[in-house]
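Structure, as structure tokens:
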Amino acid sequence: MQAWSGKKKFFIVDIMLKSCLTFARGRGVFPSLTDILAIMIYQRPIVRKLFCSLFFLFIFSSLNKLSAQDGRALFQTNCASCHNLYKKLTGPALLGFKARGPWADQKQVRAWVHNPVAYMAKDPYTQGLKAEYGSMMQAFPNLGDKDIDAIADYIAKAPAAPGAGGAPGVTGMDPAAAAAQSNDNTLLFGILTLILAVIALILLQVNSNLRKLSDDKEGVPAAEPVPFYRNKAYIYVFTLLLFVVGGYYTIMGAIGLGRTKNYQPTQPIYYSHRVHAGKNQISCLYCHGNAQDGKHANIPSINQCMNCHIAINEYTGSAGKIYSEDGNEVNGTAEIKKIYEYAGWDPQLKKYTKPGKPVEWIKIHALPDHVYFNHSQHVTAGKVQCQTCHGPITEMDEVYQFAELSMGWCINCHRETKVQFASNKFYSIYEKFHNDLKKNPNEAITVEKIGGTECQKCHY
Amino acid sequence: MEKKKYWQSFGELNDSAAFQKEKQDEFKEELPFIDVDDKGLLEAKTPRRDFLKYLGFSTAAAMAAASCEMPVRHSVPYLFKPQDVIPGEPEYYATTYVSGGDAIPAVAKVRDGRPIKIEGNEMSSYSRGGTSAQMQASVLDLYDTARLRYPAASKKEVTTFPVLDGMITSALAGMGGAPLAILTPTITSPTTKQIIAQLLAKYPGRHVQYDAISYSGMLLANETCYGKRALPSYQFRNAKVVVSLGADFLTTWLSPVEFQRDYAEGKRIRGANSDINKLYQFESMMSATGASADERYTHKPSETGKVAAALLDSLNGRGISGINSPKLKEGIQKAAKDLQLNRGKALVISGSNNPNVQIIVNAINEAVGANGTTINWALPFQTKQGIDSEMATLVADMDAGRIGGVILYDVNPAYDYYDAAKFRSALQKVKVSISCNEKLDETAELCKFTVPSHHYLESWGDTEVKPGYFSMLQPTINPLFKTRQFQESLLSWSGNPQSYEAYFRGYWTEKLGSIDAYNHALQDGIVEPATPATAGGASFNASGLQAATAAVAAVKEGKRELVLYQNVAMGDGRQANNPWLQETPDPITRATWDNYVLISPALGKELFDVDITNSRQADEYEVHTSKQIIEVSLGSRKVKLPALIVPGMNNDTIAIAVGYGRQSSNKEETELHIGKAAAGVGQNVFQFASFNGSTVDWNAGEVTIAKTDDTYKVATVQTHSSYEGRSEVMKEMTLAEFQKNPSEIPEERNKEMAPYGGVKDYVEKGTLYPVYDKPGIKWGMSIDLNNCYGCSACVVACIAENNVAVVGKSEVLRYHDMHWLRIDRYFTGNPNDPESIQTVFQPMLCQHCDNAPCENVCPVSATNHNSEGINQMVYNRCIGTRYCANNCPYKVRRFNWSDYTKADSFPDNQDQQVVGKLDPAVFMMNDDLTRMVLNPDVTVRSRGVMEKCSFCVQRLQWGKLKAKKENRVLTDDDAKTACQQACPARAIEFGNVNNPDSNISKVRRENNNRLFYILEPIHTLPNVNYLAKVRNTDRLALHEEGRERTPETAKEGSKAE
């Protein structure tokens, strides 16, 4: 059967999603709004002009932000594992480095970063650094001159003391709180419904009593009153309700078998993504770099933790107190000690004294064996943000499974997400779609269109 | 085009009753319904109540199984992650497949620390990326459950190697001045040779090279003729005419990967350029090379020398004497004429191990100007250097107690020596016997010390197949067991404390000049001279020729002769415990899991009174899997094996494959020590070889055959499913026909499609269904039948890549083989006339039809089509109705009848009362160790689902992703199927048909005049096309007329039509 459109296949899943997942509906509204906007723009020149100017304004302002952001992002991705601005880690503290050694000349900085070994051969200052810190800086040949300048610029503009300017705090509603709030509402509605139902029941009872009284008064012979639990109407309604509600939950339960949304196991080390990725703005890819190269995003190995924690041996509470799920306060410093335990590092002697052992983390996001999933496909080729599937990771302390990871969920995203059609040369072979795009620039080339919902894209 | 009759079975040949029935049923397996009879449901074996009980139980069980708690999964990262390792991404390491003396440059695909697939190394100038079935399967040997896991002395584990070394050094010191013998296969490794010399410097003695299948006849002949005890390089690429005297050079002889690649280039037709080579095969049995030959003649094995002499005489213009068969005589004259015409572009080879025959062959090559053109003496071929007489002397010395100690490595004479019994008793008389074999095989179990060596994928090393052409080995995995590489053991016993890795590194760093160069060599896997040496000849000395001619003329002929041969998959039997190879069907007999006696139809008639041209008798023979056992005896040597009738066999010759019948001295322990897959498979026939004083003969002059009353089931796969009598499966033409009218096939196709507006409009007008767009990519495959020689490398590559299950012999017998890719073998010609038999191989796999019959009938849409033209099979959706397999006209779908992979949640599914227990080999494949070979990118299928070729979709997806990540357009190199990559003859082309510049598009464009689709008129629109075979001969085999057809008679025939 030529069923590659996949529409039929997921019909049932679709209906269920639409009927039960309210957020799906919420997301559905968004594209239609943009559509309306697009139509408006298309038809009215004034609106279009206005929109264009607003659009460019937005782009320019965000571009400005981008370059400023760039230096910091680059610093976080490339340098932060060994350097801090304010204190010595594996390497020197970088604040005010321009005043030291030969670094006033930016050319020297570039040469050093590109190839430290070659540079050091001729430079006594860096030789001294090597002697002082005992290790050699890694070469960054792929950092361009502009990148290095941006980093230097970021360091130069950094405030003189930590926390003075600070990273912008995390804004927006805490998802857990939001969830709790929506839960609260449900509870409220539930109680209200229950109260109303009880009132209705009482009223009905009162009504029938009154009728009975009036009948008695008028001398109409009344049938022997039937208690409500033997009232056939009640029994019918109750059975029907039980069937519908029970059936709904049974089916939903059966579909949900093996799904682990919101799964949040207790990990061997209390690792807070909020502290690392949120407060300290460490790029996701610093630890999970394989997400851009390979199938697995990978949990970082202990040596990667030690890159930073060789120097950071205590939690100063920079991101506030950490509470575990059961409400107990977590001692960050004690958790860092656990890393040393695993790595076999003696923080007093500052060397590895024991053989290390790897941490047995508990896997949260697990797909069935018959599903092929590749991170790099999504991160590198698709340019999808980590948060799209992993949720507000920068606000999570311990990670929980944010998305359902069901097939319907995958398919939905594949239907809505546009591929990097214009920018990735791979897609140049799709001549037909390029022609369509020329005719109708608003047409969306979604993953589904290029076959992303076909069975053997994920099952083989 | 001529109406040539192709047949896969004798039933098809005669259109017998059984074949008629099979056509109706198309599948051989019976439906697992038990007769209800008339007795009513309650009396039936499975009454309704039972059914309800089972239904209730299974529902409850499923609920119970499903409602179990989710298991807690752990994810353990590296402690210190190596910088270049990306978990989940494959790494490729260049190494070398080493088996005996053979060495083929390889690239091992390593996933998360486990080698899972072997590919050829395309940088090598001689193998050029080619692989063989054995090489493809070798990765499974790494995870062989029967490998030795620790060193032992007198069968007791020795805890550490230093302790063992102490024991061995004191044992060696106690030899009392008697010499030490080191027995190995041919060693081409320069470092190993040095190390052996070092040990022999400490303990004087000698190094003997012993090849189970030896080429010492050629080596000695070359010594006589050219003064060099060496083999030259054969350059099939330069040969326009090849005459092979019983050399199966395309699949088993000397260096088939290299030869196939070269020969295939000469056979390749591109467009109208039809200047192709021609192969004459003179042989006694039906070999795969013979099957692919353009002209083929048979003779008795004892006549080999006479045929060679007659060929030489004919070339020299003398008359032919000593050849009785007129056909053979005619063939020799024809071959001689062609050789004459192509002087300097001709090559003659012989598979004989008799120096006299080889001396005559050398003289022929002199006469046709092969020396220096097609035979390159500037680059001797070094993988076979064993001299039979040296081995015989060693065995005699051992027997006489003149040898103090023997170190054996990678040799198994207790199994494969012609006089194994003598070797065994001789070995007992040696004071110190040390085996470095990987397993406790027939030889190792007789040794005092067993010091198991690494598998080649765990080893360092180097090989030198031709002088200056090195290929390196590097470990692709940490040693799985407590084993130590042979070289390291020798180093340690010679008192050198260095590890072999350090020794090896030191040697190559010095040789290449720097550690960087060494690393680079390891990375490339090869070290080759910058400019290849120019081909050169050697001066020929004809002095031995007269004696040789006299000797071959004096060879006595027997009434019934026996020839031993190597099965394409099994070879000399060193990989006998490899279930992949055991289950790979022989290209000619299509039988698995056994060796057997090949007999000609004439002999079949004589022995069993079976006339295979008589449909009733043919059915009698063919329908039953049980075959008559015959006893073959040669003096006191006897073997009882089932007989298979094979057309094309010489009428007076029988043939048996070596490499089977592996057995420990205690038969019960075979499964444990040699392996579950090898135990009980076939019989050992190495004993039928004989030593003639200088070399071992692989044929026996006079054997007696006796019929027994017993039968034995042979699991053949050729007739497992039929095309329901549809015949548009094969297209073949002769070169003469092709040159006369190159567009015969397109014209014929157009004529056939005329009602739909010809081939061009057939896609749209030939169907009621809509035609779907394939934007972007449309995958397509082209298989050139001219370049398929049945070597089965693709079959094994497919198994390894796609986790295809091993089902075992009992299941093959029940028609449950799982191979996604099979190589169908078709005969044409008169079965009673071996010369008239022509054979065609046709690789058959899912055709990925754009209008696929299987897709329409699936009730759950578990098989459907995608926008890239792939017929997708979705295992997790399949409910096992098997409608698709029923409706597939190509019979390429495979159903998991049992739990072959241990993927079911209920373990008892592998051992059931109704269907019986699966074979031990299946359980071996389910061992945790063996399962390490599984490709993690491909689902392991469980019982009850259908499966079939996926076009290696995991590779296609991988290639597409790679291109996307690198922001570029997809190229041909990004996506190759496993079969395509494995094929040494490059018969398979694959790629994006939508791209006019892709190889597949070019091949289809250039070869439109040979292109055809199988069963095209039923409008399945396959995405796999075939290119018709063009046989370089002027005669066509034709069954209907029972006579040969020349272009003249063909013309007459077409006129009559």
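Just so we're on the same page: first chain in the structure tokens is A, next is B, and so on; residues restart at 1 for each chain, and ligands are numbered from 1 in the order they show up.
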Proximity of chain B to chain A: per-residue shortest pair, 8 Å limit, only C-alpha atoms, as JSON lines:
```
{"residue": "B:Ala66", "atom": "CA", "partner": "A:Leu257", "partner_atom": "CA", "distance": 7.4}
{"residue": "B:Ser67", "atom": "CA", "partner": "A:Leu257", "partner_atom": "CA", "distance": 7.6}
{"residue": "B:Met70", "atom": "CA", "partner": "A:Gly258", "partner_atom": "CA", "distance": 6.6}
{"residue": "B:Val72", "atom": "CA", "partner": "A:Ile362", "partner_atom": "CA", "distance": 7.0}
{"residue": "B:Arg73", "atom": "CA", "partner": "A:Lys363", "partner_atom": "CA", "distance": 5.3}
{"residue": "B:His74", "atom": "CA", "partner": "A:Ile362", "partner_atom": "CA", "distance": 4.5}
{"residue": "B:Ser75", "atom": "CA", "partner": "A:Trp361", "partner_atom": "CA", "distance": 5.2}
{"residue": "B:Val76", "atom": "CA", "partner": "A:Glu360", "partner_atom": "CA", "distance": 4.8}
{"residue": "B:Pro77", "atom": "CA", "partner": "A:Ser301", "partner_atom": "CA", "distance": 5.3}
{"residue": "B:Tyr78", "atom": "CA", "partner": "A:Ser301", "partner_atom": "CA", "distance": 5.0}
{"residue": "B:Leu79", "atom": "CA", "partner": "A:Pro358", "partner_atom": "CA", "distance": 4.8}
{"residue": "B:Phe80", "atom": "CA", "partner": "A:Asn303", "partner_atom": "CA", "distance": 5.4}
{"residue": "B:Lys81", "atom": "CA", "partner": "A:Ser301", "partner_atom": "CA", "distance": 6.0}
{"residue": "B:Ile86", "atom": "CA", "partner": "A:Asn290", "partner_atom": "CA", "distance": 6.4}
{"residue": "B:Pro87", "atom": "CA", "partner": "A:His296", "partner_atom": "CA", "distance": 6.7}
{"residue": "B:Gly88", "atom": "CA", "partner": "A:Lys295", "partner_atom": "CA", "distance": 5.5}
{"residue": "B:Glu89", "atom": "CA", "partner": "A:Gly294", "partner_atom": "CA", "distance": 5.8}
{"residue": "B:Tyr772", "atom": "CA", "partner": "A:Gln2", "partner_atom": "CA", "distance": 8.0}
{"residue": "B:Pro775", "atom": "CA", "partner": "A:Tyr430", "partner_atom": "CA", "distance": 5.7}
{"residue": "B:Gly776", "atom": "CA", "partner": "A:Tyr430", "partner_atom": "CA", "distance": 4.3}
{"residue": "B:Ile777", "atom": "CA", "partner": "A:Ile429", "partner_atom": "CA", "distance": 7.6}
{"residue": "B:Ala852", "atom": "CA", "partner": "A:Met1", "partner_atom": "CA", "distance": 7.7}
{"residue": "B:Glu855", "atom": "CA", "partner": "A:Met1", "partner_atom": "CA", "distance": 4.6}
{"residue": "B:Asn856", "atom": "CA", "partner": "A:Met1", "partner_atom": "CA", "distance": 4.7}
{"residue": "B:Val857", "atom": "CA", "partner": "A:Met1", "partner_atom": "CA", "distance": 7.9}
{"residue": "B:Ser861", "atom": "CA", "partner": "A:Met1", "partner_atom": "CA", "distance": 7.1}
{"residue": "B:Thr863", "atom": "CA", "partner": "A:Met1", "partner_atom": "CA", "distance": 7.7}
{"residue": "B:Asn864", "atom": "CA", "partner": "A:Met1", "partner_atom": "CA", "distance": 5.4}
{"residue": "B:His865", "atom": "CA", "partner": "A:Gln2", "partner_atom": "CA", "distance": 5.4}
{"residue": "B:Asn866", "atom": "CA", "partner": "A:Trp4", "partner_atom": "CA", "distance": 5.3}
{"residue": "B:Ser867", "atom": "CA", "partner": "A:Gly451", "partner_atom": "CA", "distance": 6.1}
{"residue": "B:Gln872", "atom": "CA", "partner": "A:Gln456", "partner_atom": "CA", "distance": 6.0}
{"residue": "B:Met873", "atom": "CA", "partner": "A:Gln456", "partner_atom": "CA", "distance": 7.5}
{"residue": "B:Val874", "atom": "CA", "partner": "A:His459", "partner_atom": "CA", "distance": 6.5}
{"residue": "B:Tyr875", "atom": "CA", "partner": "A:Tyr460", "partner_atom": "CA", "distance": 7.8}
{"residue": "B:Asn876", "atom": "CA", "partner": "A:His370", "partner_atom": "CA", "distance": 7.1}
{"residue": "B:Asp937", "atom": "CA", "partner": "A:Tyr372", "partner_atom": "CA", "distance": 7.2}
{"residue": "B:Val938", "atom": "CA", "partner": "A:Tyr460", "partner_atom": "CA", "distance": 5.7}
{"residue": "B:Thr939", "atom": "CA", "partner": "A:His370", "partner_atom": "CA", "distance": 5.7}
{"residue": "B:Val953", "atom": "CA", "partner": "A:Tyr460", "partner_atom": "CA", "distance": 7.1}
{"residue": "B:Gln954", "atom": "CA", "partner": "A:Tyr460", "partner_atom": "CA", "distance": 6.8}
{"residue": "B:Gln957", "atom": "CA", "partner": "A:Lys457", "partner_atom": "CA", "distance": 7.4}
{"residue": "B:Leu961", "atom": "CA", "partner": "A:Gln377", "partner_atom": "CA", "distance": 6.3}
{"residue": "B:Ala963", "atom": "CA", "partner": "A:Phe426", "partner_atom": "CA", "distance": 6.4}
{"residue": "B:Lys964", "atom": "CA", "partner": "A:Phe426", "partner_atom": "CA", "distance": 5.4}
{"residue": "B:Lys965", "atom": "CA", "partner": "A:Ala381", "partner_atom": "CA", "distance": 5.3}
{"residue": "B:Asn967", "atom": "CA", "partner": "A:Asn424", "partner_atom": "CA", "distance": 5.2}
{"residue": "B:Arg968", "atom": "CA", "partner": "A:Lys425", "partner_atom": "CA", "distance": 4.8}
{"residue": "B:Val969", "atom": "CA", "partner": "A:Phe426", "partner_atom": "CA", "distance": 4.3}
{"residue": "B:Leu970", "atom": "CA", "partner": "A:Phe426", "partner_atom": "CA", "distance": 6.5}
```
- Item | Those in stretch 68-282 of chain A with alpha helix (DSSP H) from DSSP, as a PyMOL selection string | chain A and resi 68-74+106-114+116-122+124-133+145-157+175-218+232-256+273
- Selection: 9 Å around stretch 275-286 of chain B, only C-alpha atoms, excl. self and same-chain fewer than 6 positions, as a ChimeraX atom specification: /B:239-247,263,265-269,292-301,304,307,328,331-332,335,338,563,565,588,598-600,646-655,735,1031-1033
Write out, as a compact mmCIF listing (two decimals), in the first residue's frame, the residues just selected, with C-alpha atoms.
```txt
# COMPACT_ATOMS: atom_id res chain seq x y z
CA ALA B 239 44.10 -11.87 -20.16
CA LYS B 240 41.71 -12.06 -23.08
CA VAL B 241 41.64 -15.84 -23.02
CA VAL B 242 41.90 -17.83 -19.82
CA VAL B 243 42.16 -21.60 -19.85
CA SER B 244 41.73 -23.17 -16.46
CA LEU B 245 42.51 -26.83 -15.99
CA GLY B 246 40.44 -27.54 -12.93
CA ALA B 247 41.46 -24.41 -11.05
CA TYR B 263 38.77 -11.32 -14.09
CA GLU B 265 37.09 -6.29 -15.12
CA GLY B 266 37.80 -8.30 -18.24
CA LYS B 267 34.24 -9.58 -18.29
CA ARG B 268 32.62 -6.21 -17.83
CA ILE B 269 30.52 -4.94 -20.66
CA SER B 292 30.73 -19.25 -14.90
CA ALA B 293 32.95 -20.44 -17.73
CA ASP B 294 32.18 -19.57 -21.31
CA GLU B 295 33.13 -23.01 -22.52
CA ARG B 296 33.37 -25.98 -20.25
CA TYR B 297 34.63 -29.50 -20.85
CA THR B 298 34.88 -32.37 -18.44
CA HIS B 299 37.31 -35.16 -18.03
CA LYS B 300 38.45 -37.62 -15.39
CA PRO B 301 40.83 -36.21 -12.77
CA THR B 304 44.32 -33.55 -16.20
CA VAL B 307 44.62 -32.54 -21.25
CA LEU B 328 37.10 -32.92 -25.11
CA GLY B 331 37.45 -28.34 -26.83
CA ILE B 332 41.21 -28.55 -26.50
CA ALA B 335 41.04 -23.46 -26.67
CA ASP B 338 41.94 -19.04 -29.10
CA VAL B 563 38.24 -35.58 -6.72
CA TYR B 565 37.35 -29.98 -3.63
CA ILE B 588 26.10 -25.32 -7.24
CA LEU B 598 28.51 -35.24 -6.07
CA ILE B 599 27.61 -37.65 -8.79
CA SER B 600 26.63 -37.17 -12.40
CA VAL B 646 24.63 -32.66 -10.12
CA PRO B 647 24.41 -31.97 -13.83
CA GLY B 648 27.71 -31.07 -15.39
CA MET B 649 29.70 -33.61 -13.39
CA ASN B 650 31.97 -35.78 -15.41
CA ASN B 651 30.20 -39.10 -15.77
CA ASP B 652 33.02 -41.14 -14.29
CA THR B 653 33.98 -38.80 -11.49
CA ILE B 654 32.60 -38.26 -8.05
CA ALA B 655 33.54 -35.31 -5.89
CA LEU B 735 28.40 -12.61 -27.34
CA ARG B 1031 28.35 -15.71 -22.53
CA ASN B 1032 31.39 -15.50 -24.72
CA THR B 1033 30.57 -18.57 -26.73
```
- strand (DSSP E or B) call set, DSSP backbone run, stretch 193-356 of chain A, as a PyMOL selection string: chain A and resi 322-323+329-330+345-346+351-352
Residues as selected, C-alpha atoms, written as a short mmCIF file (atom, residue, chain, number, x, y, z; two decimals), in the first residue's frame, can you do that?
```cif
data_model
loop_
_atom_site.label_atom_id
_atom_site.label_comp_id
_atom_site.auth_asym_id
_atom_site.auth_seq_id
_atom_site.Cartn_x
_atom_site.Cartn_y
_atom_site.Cartn_z
CA ILE A 322 18.91 23.10 46.56
CA TYR A 323 16.06 20.95 47.63
CA GLU A 329 17.96 20.29 51.53
CA VAL A 330 20.85 18.96 49.48
CA TRP A 345 40.83 12.12 43.77
CA ASP A 346 42.18 13.29 47.06
CA LYS A 351 46.14 14.11 43.21
CA TYR A 352 44.50 10.87 42.19
#
```
Near-A:Glu224 list (12 Å; only C-alpha atoms; drop same-chain fewer than 4 positions) as a short mmCIF file (atom, residue, chain, number, x, y, z; two decimals) with N, CA and C atoms, in the first residue's frame:
```
data_model
loop_
_atom_site.label_atom_id
_atom_site.label_comp_id
_atom_site.auth_asym_id
_atom_site.auth_seq_id
_atom_site.Cartn_x
_atom_site.Cartn_y
_atom_site.Cartn_z
N LYS A 212 -43.58 13.96 47.21
CA LYS A 212 -44.27 12.91 47.95
C LYS A 212 -45.22 13.52 48.96
N ASP A 216 -49.09 13.16 49.09
CA ASP A 216 -49.78 12.67 50.28
C ASP A 216 -50.94 13.58 50.64
N ASN A 231 -32.66 2.53 42.34
CA ASN A 231 -33.33 3.25 41.27
C ASN A 231 -32.65 2.89 39.94
#
```
- A:Ala152, A:Asn185, A:Ile393, A:Ser214: which is nearest A:Ile282, counting only C-alpha atoms?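 The answer is A:Ile393, which sits nearest to A:Ile282.
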- Compile the contact shell of B:Pro601 as a list of chain:residue names: residues with an atom at most 10 Å away, counting only C-alpha atoms, same-chain residues fewer than 4 positions apart removed.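 Contacts, in chain order: B:Lys605, B:Glu606, B:Leu607, B:Asp609, B:Val610, B:Asp611, B:Ile612, B:Thr613, B:Leu644, B:Ile645, B:Val646, B:Pro647, B:Gly648, B:Met649, B:Asn650, B:Asn651, B:Pro831, B:Asn832, B:Asp833, B:Pro834.
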